[in-house]
Amino acid sequence: MSQGTFAHAIGMKRSGFIRLIQPGQHGMFTDNFRRLAEAVQTTPDELRSRIGPGGQADFESAGG
């Protein structure tokens, strides 16, 4: 799936999605976060736990 297609699936513009995946801290509206979780077939709480507090991702325990 392209970045543009994925951005559209979660209700964001491609440019906003690109900014979001860049290194650093970025804010995200709750509705966008919920749609992001739905797009990757998980719940917002599960997605938050996979991303980790303070931006430290824990991909090993997430099966990745």
# chains A, B, ... in the order shown; residues from 1 in each chain; ligands from 1
call {"tool": "residues_around", "arguments": {"residues": "segment 2-18 of chain A", "least_positions_apart": "4", "cutoff": "10 Å", "atoms": "only C-alpha atoms", "output": "JSON list (two decimals) with C-alpha atoms, in the first residue's frame"}}
result
[["chain", "number", "residue", "atom", "x", "y", "z"],
["A", 22, "GLN", "CA", 9.51, 11.66, 10.27],
["A", 28, "MET", "CA", -1.99, 13.53, 16.20],
["A", 31, "ASP", "CA", -9.76, 10.49, 15.43],
["A", 32, "ASN", "CA", -6.71, 10.08, 13.18],
["A", 33, "PHE", "CA", -5.06, 7.82, 15.76],
["A", 34, "ARG", "CA", -8.22, 5.70, 15.99],
["A", 35, "ARG", "CA", -8.37, 5.39, 12.19],
["A", 36, "LEU", "CA", -4.66, 4.52, 12.12],
["A", 37, "ALA", "CA", -5.31, 1.70, 14.60],
["A", 38, "GLU", "CA", -8.23, 0.46, 12.50],
["A", 39, "ALA", "CA", -6.10, 0.55, 9.34],
["A", 40, "VAL", "CA", -3.50, -1.73, 10.95]]
